[in-house]
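Containing TSV, C-alpha atoms: input36.tsv.
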```
chain	number	residue	atom	x	y	z
A	20	MET	CA	43.43	-17.04	172.29
A	21	ARG	CA	40.61	-16.17	169.94
A	22	VAL	CA	39.96	-19.39	168.05
A	23	LEU	CA	37.49	-19.73	165.20
A	24	VAL	CA	36.10	-23.26	165.08
A	25	THR	CA	33.99	-24.47	162.15
A	26	GLY	CA	31.46	-27.24	162.70
A	27	THR	CA	30.74	-26.49	166.36
A	28	ALA	CA	27.35	-28.22	166.15
A	29	GLY	CA	29.19	-31.34	164.96
A	30	PHE	CA	30.57	-34.20	167.01
A	31	ILE	CA	34.25	-33.28	167.09
A	32	GLY	CA	33.71	-29.54	166.74
A	33	ALA	CA	31.49	-29.30	169.81
A	34	ALA	CA	33.93	-31.33	171.90
A	35	VAL	CA	36.92	-29.25	170.80
A	36	ALA	CA	35.06	-25.98	171.44
A	37	GLU	CA	34.09	-27.15	174.92
A	38	ARG	CA	37.72	-27.98	175.76
A	39	LEU	CA	38.97	-24.59	174.49
A	40	LEU	CA	36.35	-22.73	176.52
A	41	ALA	CA	37.25	-24.74	179.62
A	42	ARG	CA	40.85	-23.56	179.41
A	43	GLY	CA	39.84	-19.93	178.92
A	44	ASP	CA	40.03	-19.40	175.17
A	45	GLU	CA	37.48	-17.32	173.27
A	46	VAL	CA	35.67	-19.46	170.67
A	47	ILE	CA	33.97	-18.13	167.55
A	48	GLY	CA	31.73	-21.02	166.50
A	49	LEU	CA	30.50	-21.50	162.93
A	50	ASP	CA	27.95	-24.05	161.72
A	51	ASN	CA	25.20	-24.14	159.10
A	52	LEU	CA	23.10	-26.74	160.98
A	53	ASN	CA	22.45	-28.74	157.82
A	54	ASP	CA	20.12	-31.73	157.96
A	55	TYR	CA	22.59	-34.48	156.92
A	56	TYR	CA	21.61	-36.03	160.26
A	57	ASP	CA	19.39	-35.19	163.24
A	58	VAL	CA	19.39	-31.41	163.71
A	59	GLU	CA	18.03	-31.78	167.25
A	60	LEU	CA	21.22	-33.59	168.25
A	61	LYS	CA	23.28	-30.76	166.77
A	62	GLN	CA	21.22	-28.21	168.67
A	63	ALA	CA	21.68	-30.18	171.88
A	64	ARG	CA	25.46	-30.06	171.41
A	65	LEU	CA	25.28	-26.30	170.83
A	66	ALA	CA	23.15	-25.87	173.95
A	67	ARG	CA	26.15	-27.01	176.00
A	68	LEU	CA	28.31	-24.25	174.49
A	69	LEU	CA	25.94	-21.29	174.39
A	70	PRO	CA	26.01	-20.51	178.16
A	71	HIS	CA	29.76	-19.83	178.03
A	72	ALA	CA	30.57	-16.11	178.00
A	73	GLY	CA	33.55	-16.79	175.75
A	74	TYR	CA	31.47	-18.47	173.03
A	75	SER	CA	29.81	-16.71	170.09
A	76	ASP	CA	27.56	-18.67	167.75
A	77	HIS	CA	27.24	-17.98	164.01
A	78	ARG	CA	25.06	-19.59	161.34
A	79	VAL	CA	27.41	-19.54	158.37
A	80	ASP	CA	27.66	-21.68	155.23
A	81	LEU	CA	31.32	-21.95	154.26
A	82	GLU	CA	30.54	-21.66	150.57
A	83	GLU	CA	28.99	-18.22	151.16
A	84	GLU	CA	32.04	-16.01	150.74
A	85	GLY	CA	30.48	-12.79	152.02
A	86	ALA	CA	29.12	-14.25	155.26
A	87	LEU	CA	32.34	-16.11	156.01
A	88	ARG	CA	34.53	-13.10	155.39
A	89	ALA	CA	32.28	-10.87	157.50
A	90	CYS	CA	32.66	-13.31	160.38
A	91	PHE	CA	36.45	-13.24	160.08
A	92	ASP	CA	36.48	-9.44	159.79
A	93	SER	CA	34.35	-8.95	162.90
A	94	SER	CA	36.02	-11.57	165.11
A	95	ARG	CA	39.66	-11.38	163.95
A	96	PRO	CA	40.59	-14.91	165.07
A	97	GLU	CA	44.20	-15.65	165.91
A	98	ARG	CA	43.92	-19.33	165.05
A	99	VAL	CA	41.41	-21.51	163.20
A	100	ILE	CA	40.27	-25.11	163.66
A	101	HIS	CA	38.35	-26.31	160.62
A	102	LEU	CA	36.16	-29.32	161.41
A	103	ALA	CA	33.10	-28.61	159.24
A	104	SER	CA	32.74	-30.79	156.17
A	105	GLN	CA	30.38	-33.11	154.38
A	106	ALA	CA	31.20	-36.39	156.08
A	107	GLY	CA	30.50	-40.03	155.23
A	108	VAL	CA	31.96	-42.36	152.63
A	109	ARG	CA	28.75	-44.08	151.53
A	110	TYR	CA	26.76	-40.86	151.23
A	111	SER	CA	29.36	-39.62	148.74
A	112	LEU	CA	28.14	-42.32	146.35
A	113	LYS	CA	24.63	-40.83	146.47
A	114	ASN	CA	25.29	-37.09	146.61
A	115	PRO	CA	28.79	-36.29	145.32
A	116	GLU	CA	27.98	-32.63	144.67
A	117	ALA	CA	27.58	-32.00	148.42
A	118	TYR	CA	31.22	-33.00	148.90
A	119	ILE	CA	32.51	-30.68	146.19
A	120	ASN	CA	30.54	-27.74	147.58
A	121	SER	CA	31.42	-28.21	151.25
A	122	ASN	CA	34.81	-29.89	151.20
A	123	ILE	CA	36.39	-28.19	148.18
A	124	VAL	CA	34.65	-24.84	147.67
A	125	GLY	CA	34.11	-24.32	151.40
A	126	PHE	CA	37.73	-25.13	152.21
A	127	PHE	CA	38.93	-22.72	149.52
A	128	ARG	CA	36.80	-19.92	151.02
A	129	LEU	CA	38.27	-20.66	154.43
A	130	LEU	CA	41.85	-20.60	153.15
A	131	GLU	CA	41.23	-17.24	151.54
A	132	CYS	CA	39.86	-15.83	154.80
A	133	CYS	CA	42.87	-17.16	156.70
A	134	ARG	CA	45.15	-15.57	154.12
A	135	HIS	CA	43.54	-12.14	154.40
A	136	SER	CA	43.18	-12.24	158.19
A	137	ASP	CA	46.80	-13.09	159.06
A	138	VAL	CA	45.78	-16.26	160.89
A	139	GLU	CA	48.66	-17.68	162.94
A	140	HIS	CA	47.77	-21.34	162.43
A	141	LEU	CA	45.10	-23.33	160.58
A	142	VAL	CA	44.37	-26.82	161.90
A	143	TYR	CA	41.98	-28.78	159.68
A	144	ALA	CA	40.33	-32.18	159.53
A	145	SER	CA	41.58	-34.69	157.03
A	146	SER	CA	40.72	-38.38	157.21
A	147	SER	CA	42.19	-41.86	157.35
A	148	SER	CA	40.19	-42.52	154.18
A	149	VAL	CA	42.92	-40.76	152.17
A	150	TYR	CA	44.97	-43.97	152.43
A	151	GLY	CA	42.47	-45.60	150.08
A	152	ALA	CA	43.97	-48.62	148.33
A	153	ASN	CA	47.08	-48.64	150.57
A	154	THR	CA	47.60	-51.94	152.39
A	155	ASN	CA	50.97	-51.44	154.11
A	156	MET	CA	50.23	-51.17	157.84
A	157	PRO	CA	50.35	-49.10	159.95
A	158	PHE	CA	49.45	-46.18	157.70
A	159	SER	CA	52.20	-43.55	157.82
A	160	VAL	CA	52.05	-39.89	156.83
A	161	SER	CA	55.20	-40.63	154.82
A	162	ASP	CA	53.19	-42.99	152.58
A	163	ASN	CA	51.95	-42.00	149.13
A	164	VAL	CA	48.15	-41.46	149.20
A	165	ASP	CA	47.35	-41.01	145.53
A	166	HIS	CA	44.79	-43.84	145.27
A	167	PRO	CA	41.58	-42.81	147.09
A	168	VAL	CA	38.63	-45.20	146.73
A	169	SER	CA	35.83	-42.69	147.45
A	170	LEU	CA	35.07	-39.12	146.47
A	171	TYR	CA	35.02	-38.23	150.16
A	172	ALA	CA	38.63	-39.41	150.45
A	173	ALA	CA	39.56	-37.51	147.29
A	174	THR	CA	38.18	-34.26	148.74
A	175	LYS	CA	40.19	-34.74	151.94
A	176	LYS	CA	43.37	-35.40	149.98
A	177	SER	CA	42.56	-32.27	147.96
A	178	ASN	CA	42.32	-30.26	151.18
A	179	GLU	CA	45.85	-31.32	152.10
A	180	LEU	CA	47.15	-30.23	148.69
A	181	MET	CA	45.30	-26.92	148.85
A	182	ALA	CA	46.64	-26.26	152.36
A	183	HIS	CA	50.19	-26.90	151.19
A	184	SER	CA	49.87	-24.42	148.34
A	185	TYR	CA	48.70	-21.71	150.78
A	186	SER	CA	51.50	-22.56	153.22
A	187	HIS	CA	53.98	-22.21	150.36
A	188	LEU	CA	52.56	-19.11	148.71
A	189	TYR	CA	51.42	-17.11	151.74
A	190	ASN	CA	53.46	-18.61	154.60
A	191	ILE	CA	50.33	-19.71	156.48
A	192	PRO	CA	51.15	-22.47	159.01
A	193	THR	CA	48.74	-25.35	158.32
A	194	THR	CA	48.35	-28.72	160.03
A	195	GLY	CA	46.10	-31.46	158.70
A	196	LEU	CA	44.88	-34.22	161.03
A	197	ARG	CA	43.86	-37.56	159.53
A	198	PHE	CA	41.15	-38.77	161.91
A	199	PHE	CA	40.75	-42.51	162.43
A	200	THR	CA	37.16	-43.70	163.19
A	201	VAL	CA	36.18	-41.30	165.96
A	202	TYR	CA	33.49	-42.44	168.41
A	203	GLY	CA	32.10	-41.56	171.82
A	204	PRO	CA	29.30	-39.62	173.58
A	205	TRP	CA	27.52	-37.05	171.42
A	206	GLY	CA	28.73	-38.85	168.29
A	207	ARG	CA	27.23	-39.02	164.82
A	208	PRO	CA	24.06	-41.15	164.41
A	209	ASP	CA	25.09	-42.25	160.90
A	210	MET	CA	28.08	-44.16	162.31
A	211	SER	CA	28.22	-47.73	163.57
A	212	PRO	CA	28.14	-47.14	167.37
A	213	PHE	CA	24.72	-45.46	167.11
A	214	ILE	CA	23.34	-47.87	164.52
A	215	PHE	CA	24.59	-51.01	166.23
A	216	VAL	CA	23.54	-50.03	169.77
A	217	ARG	CA	20.09	-48.90	168.62
A	218	ASN	CA	19.48	-52.13	166.71
A	219	ILE	CA	20.85	-54.43	169.40
A	220	LEU	CA	18.65	-52.77	172.03
A	221	SER	CA	15.57	-53.08	169.79
A	222	GLY	CA	16.33	-56.65	168.68
A	223	GLN	CA	16.83	-55.59	165.07
A	224	PRO	CA	19.64	-57.06	162.92
A	225	ILE	CA	22.82	-55.11	162.27
A	226	ASP	CA	24.36	-55.05	158.79
A	227	VAL	CA	28.01	-56.10	158.96
A	228	PHE	CA	29.85	-55.52	155.69
A	229	ASN	CA	32.77	-57.54	154.35
A	230	HIS	CA	31.45	-60.38	156.55
A	231	GLY	CA	32.93	-58.68	159.61
A	232	ARG	CA	36.53	-58.87	158.40
A	233	HIS	CA	37.09	-55.11	158.44
A	234	GLN	CA	39.60	-53.72	160.92
A	235	ARG	CA	39.29	-50.19	162.27
A	236	ASP	CA	41.49	-48.00	164.46
A	237	PHE	CA	38.66	-46.78	166.72
A	238	THR	CA	39.63	-43.54	168.50
A	239	TYR	CA	37.77	-42.13	171.49
A	240	ILE	CA	36.64	-38.51	171.29
A	241	ASP	CA	38.63	-37.34	174.34
A	242	ASP	CA	41.85	-38.62	172.79
A	243	ILE	CA	40.99	-36.81	169.56
A	244	VAL	CA	40.37	-33.54	171.41
A	245	ASP	CA	43.67	-33.92	173.26
A	246	GLY	CA	45.49	-34.16	169.93
A	247	VAL	CA	43.63	-31.31	168.21
A	248	VAL	CA	44.25	-28.85	171.04
A	249	ALA	CA	47.90	-29.89	171.45
A	250	VAL	CA	48.49	-29.33	167.73
A	251	LEU	CA	46.71	-25.96	167.78
A	252	ASP	CA	49.27	-24.75	170.31
A	253	ARG	CA	52.18	-25.79	168.08
A	254	PRO	CA	51.95	-24.02	164.71
A	255	ALA	CA	53.45	-25.98	161.83
A	256	ALA	CA	57.03	-25.08	160.96
A	257	PRO	CA	59.24	-25.93	157.97
A	258	ASP	CA	60.94	-29.32	158.21
A	259	PRO	CA	64.72	-28.71	157.94
A	260	ALA	CA	65.23	-32.33	156.83
A	261	TRP	CA	62.76	-32.08	153.93
A	262	SER	CA	64.25	-32.62	150.48
A	263	GLY	CA	62.75	-32.23	147.04
A	264	ASP	CA	64.93	-35.12	145.87
A	265	SER	CA	63.11	-37.47	148.24
A	266	PRO	CA	59.99	-35.59	149.35
A	267	ASN	CA	58.23	-36.61	152.56
A	268	PRO	CA	54.45	-36.22	152.00
A	269	GLY	CA	53.87	-35.56	155.70
A	270	SER	CA	56.00	-32.44	155.98
A	271	SER	CA	57.51	-29.70	153.81
A	272	ALA	CA	60.11	-26.99	153.45
A	273	ASP	CA	57.11	-24.72	154.11
A	274	PRO	CA	55.12	-24.40	157.39
A	275	TYR	CA	52.98	-27.44	156.63
A	276	ARG	CA	52.41	-30.71	158.43
A	277	VAL	CA	50.05	-33.69	158.26
A	278	HIS	CA	49.57	-36.12	161.16
A	279	ASN	CA	47.58	-39.27	161.82
A	280	ILE	CA	45.40	-39.07	164.92
A	281	GLY	CA	44.22	-42.51	165.98
A	282	SER	CA	44.43	-45.01	168.81
A	283	HIS	CA	47.18	-47.13	167.18
A	284	ARG	CA	45.13	-50.21	168.13
A	285	PRO	CA	43.16	-51.68	165.18
A	286	VAL	CA	40.26	-53.96	166.12
A	287	GLU	CA	38.36	-56.43	163.94
A	288	LEU	CA	34.72	-55.52	163.51
A	289	MET	CA	33.43	-58.77	165.05
A	290	ARG	CA	35.45	-58.08	168.23
A	291	TYR	CA	34.02	-54.56	168.28
A	292	ILE	CA	30.53	-56.06	168.20
A	293	GLU	CA	31.43	-58.52	170.98
A	294	ILE	CA	32.48	-55.64	173.23
A	295	MET	CA	29.16	-53.90	172.54
A	296	GLU	CA	27.30	-57.10	173.41
A	297	GLU	CA	29.25	-57.37	176.69
A	298	CYS	CA	28.45	-53.76	177.59
A	299	LEU	CA	24.77	-54.12	176.72
A	300	GLY	CA	24.28	-57.63	178.12
A	301	ARG	CA	22.56	-58.59	174.86
A	302	LYS	CA	23.50	-60.51	171.74
A	303	ALA	CA	23.41	-58.90	168.31
A	304	VAL	CA	21.50	-60.32	165.37
A	305	VAL	CA	24.19	-60.10	162.68
A	306	ASN	CA	23.45	-59.79	158.97
A	307	LEU	CA	26.73	-60.54	157.17
A	308	LEU	CA	27.05	-58.72	153.84
A	309	PRO	CA	29.70	-58.24	151.12
A	310	ARG	CA	32.16	-55.36	151.12
A	311	GLN	CA	30.64	-52.05	150.00
A	312	PRO	CA	32.07	-49.70	147.34
A	313	GLY	CA	34.36	-47.09	148.87
A	314	ASP	CA	35.17	-49.15	151.98
A	315	VAL	CA	38.78	-49.86	152.87
A	316	LEU	CA	39.66	-53.21	154.42
A	317	ALA	CA	41.59	-51.91	157.40
A	318	THR	CA	42.84	-48.74	159.09
A	319	TYR	CA	45.79	-48.59	161.47
A	320	ALA	CA	47.42	-45.29	162.43
A	321	ASP	CA	51.13	-44.72	162.78
A	322	ILE	CA	51.00	-41.86	165.30
A	323	ASP	CA	54.74	-41.27	165.68
A	324	SER	CA	54.78	-37.82	164.08
A	325	LEU	CA	51.94	-36.53	166.27
A	326	SER	CA	53.57	-37.99	169.37
A	327	GLU	CA	56.88	-36.30	168.52
A	328	VAL	CA	55.39	-32.90	167.70
A	329	ALA	CA	52.60	-32.67	170.26
A	330	GLY	CA	53.21	-35.40	172.85
A	331	TYR	CA	50.08	-37.25	171.69
A	332	SER	CA	49.34	-40.48	173.56
A	333	PRO	CA	45.83	-41.99	173.37
A	334	ARG	CA	44.55	-43.20	176.75
A	335	VAL	CA	41.05	-44.65	176.36
A	336	SER	CA	40.63	-48.32	175.45
A	337	LEU	CA	37.82	-49.46	173.17
A	338	GLU	CA	36.22	-51.32	176.09
A	339	GLU	CA	36.14	-48.19	178.23
A	340	GLY	CA	35.14	-45.92	175.35
A	341	LEU	CA	32.20	-48.05	174.24
A	342	SER	CA	31.03	-48.37	177.84
A	343	ARG	CA	31.02	-44.57	178.16
A	344	PHE	CA	29.23	-44.17	174.83
A	345	ILE	CA	26.51	-46.68	175.74
A	346	GLU	CA	25.99	-45.02	179.11
A	347	TRP	CA	25.55	-41.66	177.35
A	348	TYR	CA	23.27	-43.16	174.68
A	349	LYS	CA	20.92	-44.66	177.26
A	350	ASP	CA	20.75	-41.40	179.17
A	351	TYR	CA	20.29	-39.15	176.12
A	352	TYR	CA	17.57	-41.33	174.57
A	353	SER	CA	16.00	-42.30	177.93
A	354	VAL	CA	16.52	-46.03	177.34
A	355	SER	CA	15.31	-48.14	180.25
A	356	GLU	CA	17.10	-51.35	181.18
```
Give the structure from the file, written as structure tokens.
Amino acid sequence: MRVLVTGTAGFIGAAVAERLLARGDEVIGLDNLNDYYDVELKQARLARLLPHAGYSDHRVDLEEEGALRACFDSSRPERVIHLASQAGVRYSLKNPEAYINSNIVGFFRLLECCRHSDVEHLVYASSSSVYGANTNMPFSVSDNVDHPVSLYAATKKSNELMAHSYSHLYNIPTTGLRFFTVYGPWGRPDMSPFIFVRNILSGQPIDVFNHGRHQRDFTYIDDIVDGVVAVLDRPAAPDPAWSGDSPNPGSSADPYRVHNIGSHRPVELMRYIEIMEECLGRKAVVNLLPRQPGDVLATYADIDSLSEVAGYSPRVSLEEGLSRFIEWYKDYYSVSE
């Protein structure tokens, strides 16, 4: 297939593009290489994709309608995986406008291009953060998610609503994937695996919010890629059981679906740190702090719908995943023992 992937210099986007190329798909990669975090890391991810004959690389800002449409017109993608966005909960407290521009305006531009290009299926990144103030565990796509606790979460919920309207009005199959705390080699340096490993290795303290009582459904990158690619191959279809009298938020009478994609194994933050210490052979200096605005207490994915539709079954334990990440980190940053 010809698959347009946004965010191919990003953590998940690069990994998904690499998997598609390995199975013989043609990948049209879009990224604006913004400086939200280390651009050299983004370039290093891209350097792994560029040698592939089936990969074409494009510097495109999603908000720029003309450039985005020109890319669609020239490449004529059959399917689209949208992974580019302004990420990060805490950064949304400092720079909310970036989230409106990228996650709302950019997503609208993409939907319009899919509409006018007869795209067979749009798969896009949502987030576990949409569950916000929900406390009933595990989080289910059948749950109401009308109480986000960060602007980032609100933009992701908005993406789901926008996708549904385009599925309804223009019959575009859309599937949203609510990612749960993705980690692994080539990950994002603003997330805890990078920050914690770097500080533990250098003897610096690590800030642990909510006094370590957070729980997170950590999901290894290979499991995420498995789910994304499996969903891509199964365009969303109308749910024959859907009823407007008792509407299921996770499906629709239109070709629209939303799935959780997680490990289904929540871990308390202090245990997560213990595993890192075991892998590194060093103890962490822990700075316990109060809960931060925008943080949710726990995440725990009900993955039944994704398992039923796409056969999704996460395979990598947190112990194995963190070991692989630390091995990559030491190699990439030339850390000596």
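We find atom CA of A:Tyr55 and atom CA of A:Ala106 to be spaced 8.9 Å apart.
Among the candidates A:Ser336, A:Asn267, A:Ser147, A:Ser342, the one nearest to A:Gly195 when counting only C-alpha atoms is A:Ser147.
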Please compute the atom CA of A:Phe228-atom CA of A:Ala103 distance, one decimal, in Å. 27.3 Å
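For A:Arg134, the non-local neighbours within 9 Å, defined as residues at least 4 positions apart in the same chain or in other chains and counting only C-alpha atoms, are A:Leu129, A:Leu130, A:Val138, A:Tyr185, A:Tyr189, A:Asn190, A:Ile191.
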Counting all atoms listed in the file, the option among A:Arg64, A:Arg21, A:His233, A:Lys175 closest to A:Ser145: A:Lys175
Atom CA of A:Ala72 and atom CA of A:Val46, how far apart in Å? 9.5 Å
Need the shell around A:Ala41: protein/DNA/RNA residues with any atom at most 10 Å away, counting only C-alpha atoms. Skip same-chain ones fewer than 5 positions apart. Format as a ChimeraX atom specification? /A:35-36,71,73
Give one line per residue of stretch 44-149 of chain A that approaches stretch 210-224 of chain A to at most 12 Å, naming the two atoms of the closest pair and their distance in Å to one decimal, counting all atoms listed in the file; sort by chain then ascending residue number and deliver it as a Markdown table.
```
| residue | atom | partner | partner_atom | distance |
| --- | --- | --- | --- | --- |
| A:Tyr56 | CA | A:Met210 | CA | 10.6 |
| A:Ala106 | CA | A:Met210 | CA | 10.4 |
| A:Gly107 | CA | A:Met210 | CA | 8.5 |
| A:Val108 | CA | A:Met210 | CA | 10.6 |
| A:Arg109 | CA | A:Met210 | CA | 10.8 |
| A:Tyr110 | CA | A:Met210 | CA | 11.6 |
```
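Excluding A:Glu327 and any residue on its chain fewer than 5 positions from it, the residues at most 12 Å away by all atoms listed in the file are A:Gly246, A:Ala249, A:Val250, A:Arg253, A:His278, A:Asn279, A:Asp321, A:Ile322, A:Ser332.
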Requested write-out: C-alpha atoms of the selected residues, as a PDB file, in the coordinates of the input:
```
ATOM      1  CA  GLY A 246      45.490 -34.160 169.930  1.00  0.00           C
ATOM      2  CA  ALA A 249      47.900 -29.890 171.450  1.00  0.00           C
ATOM      3  CA  VAL A 250      48.490 -29.330 167.730  1.00  0.00           C
ATOM      4  CA  ARG A 253      52.180 -25.790 168.080  1.00  0.00           C
ATOM      5  CA  HIS A 278      49.570 -36.120 161.160  1.00  0.00           C
ATOM      6  CA  ASN A 279      47.580 -39.270 161.820  1.00  0.00           C
ATOM      7  CA  ASP A 321      51.130 -44.720 162.780  1.00  0.00           C
ATOM      8  CA  ILE A 322      51.000 -41.860 165.300  1.00  0.00           C
ATOM      9  CA  SER A 332      49.340 -40.480 173.560  1.00  0.00           C
TER      10      SER A 332
END
```
Ranking A:Asp245, A:Glu139, A:Asp80, A:Glu97 by minimum distance to A:Asn122 and counting all atoms listed in the file, which one comes first? A:Asp80
List as a ChimeraX atom specification the residues having at least one atom at most 10 Å from position (47.0, -22.7, 150.4) as given in the file, counting all atoms listed in the file. /A:126-127,129-131,133-134,178-193,275
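Candidate residues A:Ser159, A:Asp50, A:Leu23, A:Ala172 were compared for distance to A:Cys132, and the nearest is A:Leu23, using only C-alpha atoms.
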Can you write stretch 32-52 of chain A from the block above with N, CA, C and O atoms, as an mmCIF file, in the first residue's frame?
```cif
data_model
loop_
_atom_site.group_PDB
_atom_site.id
_atom_site.type_symbol
_atom_site.label_atom_id
_atom_site.label_comp_id
_atom_site.auth_asym_id
_atom_site.auth_seq_id
_atom_site.Cartn_x
_atom_site.Cartn_y
_atom_site.Cartn_z
ATOM 1 N N GLY A 32 6.021 7.375 15.230
ATOM 2 C CA GLY A 32 5.959 7.493 13.783
ATOM 3 C C GLY A 32 7.116 6.820 13.081
ATOM 4 O O GLY A 32 6.931 6.131 12.066
ATOM 5 N N ALA A 33 8.324 6.990 13.604
ATOM 6 C CA ALA A 33 9.497 6.361 12.987
ATOM 7 C C ALA A 33 9.410 4.844 13.076
ATOM 8 O O ALA A 33 9.730 4.129 12.121
ATOM 9 N N ALA A 34 8.957 4.345 14.231
ATOM 10 C CA ALA A 34 8.863 2.894 14.420
ATOM 11 C C ALA A 34 7.792 2.281 13.519
ATOM 12 O O ALA A 34 7.986 1.198 12.948
ATOM 13 N N VAL A 35 6.667 2.969 13.375
ATOM 14 C CA VAL A 35 5.603 2.479 12.498
ATOM 15 C C VAL A 35 6.066 2.489 11.038
ATOM 16 O O VAL A 35 5.854 1.527 10.288
ATOM 17 N N ALA A 36 6.704 3.582 10.634
ATOM 18 C CA ALA A 36 7.190 3.676 9.252
ATOM 19 C C ALA A 36 8.185 2.564 8.948
ATOM 20 O O ALA A 36 8.150 1.950 7.871
ATOM 21 N N GLU A 37 9.058 2.285 9.888
ATOM 22 C CA GLU A 37 10.057 1.228 9.683
ATOM 23 C C GLU A 37 9.378 -0.137 9.500
ATOM 24 O O GLU A 37 9.772 -0.931 8.647
ATOM 25 N N ARG A 38 8.341 -0.407 10.278
ATOM 26 C CA ARG A 38 7.625 -1.675 10.162
ATOM 27 C C ARG A 38 6.916 -1.777 8.804
ATOM 28 O O ARG A 38 6.930 -2.819 8.164
ATOM 29 N N LEU A 39 6.278 -0.690 8.368
ATOM 30 C CA LEU A 39 5.584 -0.708 7.080
ATOM 31 C C LEU A 39 6.558 -0.937 5.932
ATOM 32 O O LEU A 39 6.276 -1.702 5.004
ATOM 33 N N LEU A 40 7.705 -0.278 5.992
ATOM 34 C CA LEU A 40 8.705 -0.454 4.940
ATOM 35 C C LEU A 40 9.222 -1.890 4.923
ATOM 36 O O LEU A 40 9.441 -2.465 3.850
ATOM 37 N N ALA A 41 9.384 -2.480 6.099
ATOM 38 C CA ALA A 41 9.905 -3.843 6.191
ATOM 39 C C ALA A 41 8.964 -4.854 5.545
ATOM 40 O O ALA A 41 9.407 -5.886 5.035
ATOM 41 N N ARG A 42 7.668 -4.541 5.549
ATOM 42 C CA ARG A 42 6.733 -5.492 4.944
ATOM 43 C C ARG A 42 6.420 -5.141 3.484
ATOM 44 O O ARG A 42 5.570 -5.779 2.857
ATOM 45 N N GLY A 43 7.063 -4.098 2.960
ATOM 46 C CA GLY A 43 6.951 -3.799 1.542
ATOM 47 C C GLY A 43 6.026 -2.665 1.167
ATOM 48 O O GLY A 43 5.798 -2.420 -0.019
ATOM 49 N N ASP A 44 5.474 -1.957 2.140
ATOM 50 C CA ASP A 44 4.626 -0.817 1.825
ATOM 51 C C ASP A 44 5.468 0.385 1.393
ATOM 52 O O ASP A 44 6.638 0.511 1.759
ATOM 53 N N GLU A 45 4.853 1.272 0.640
ATOM 54 C CA GLU A 45 5.458 2.564 0.312
ATOM 55 C C GLU A 45 5.017 3.562 1.377
ATOM 56 O O GLU A 45 3.828 3.648 1.696
ATOM 57 N N VAL A 46 5.961 4.306 1.949
ATOM 58 C CA VAL A 46 5.657 5.243 3.026
ATOM 59 C C VAL A 46 5.985 6.669 2.600
ATOM 60 O O VAL A 46 7.114 6.960 2.193
ATOM 61 N N ILE A 47 4.986 7.529 2.682
ATOM 62 C CA ILE A 47 5.173 8.960 2.471
ATOM 63 C C ILE A 47 5.260 9.592 3.856
ATOM 64 O O ILE A 47 4.274 9.648 4.583
ATOM 65 N N GLY A 48 6.451 10.025 4.247
ATOM 66 C CA GLY A 48 6.676 10.509 5.605
ATOM 67 C C GLY A 48 6.620 12.018 5.696
ATOM 68 O O GLY A 48 7.269 12.717 4.925
ATOM 69 N N LEU A 49 5.832 12.505 6.664
ATOM 70 C CA LEU A 49 5.709 13.952 6.890
ATOM 71 C C LEU A 49 6.170 14.288 8.302
ATOM 72 O O LEU A 49 5.817 13.601 9.269
ATOM 73 N N ASP A 50 6.954 15.349 8.424
ATOM 74 C CA ASP A 50 7.345 15.864 9.740
ATOM 75 C C ASP A 50 7.841 17.293 9.567
ATOM 76 O O ASP A 50 8.410 17.624 8.521
ATOM 77 N N ASN A 51 7.626 18.130 10.581
ATOM 78 C CA ASN A 51 8.128 19.504 10.497
ATOM 79 C C ASN A 51 9.415 19.710 11.286
ATOM 80 O O ASN A 51 9.956 20.817 11.325
ATOM 81 N N LEU A 52 9.903 18.634 11.932
ATOM 82 C CA LEU A 52 11.149 18.696 12.714
ATOM 83 C C LEU A 52 11.161 19.886 13.675
ATOM 84 O O LEU A 52 12.155 20.623 13.755
#
```
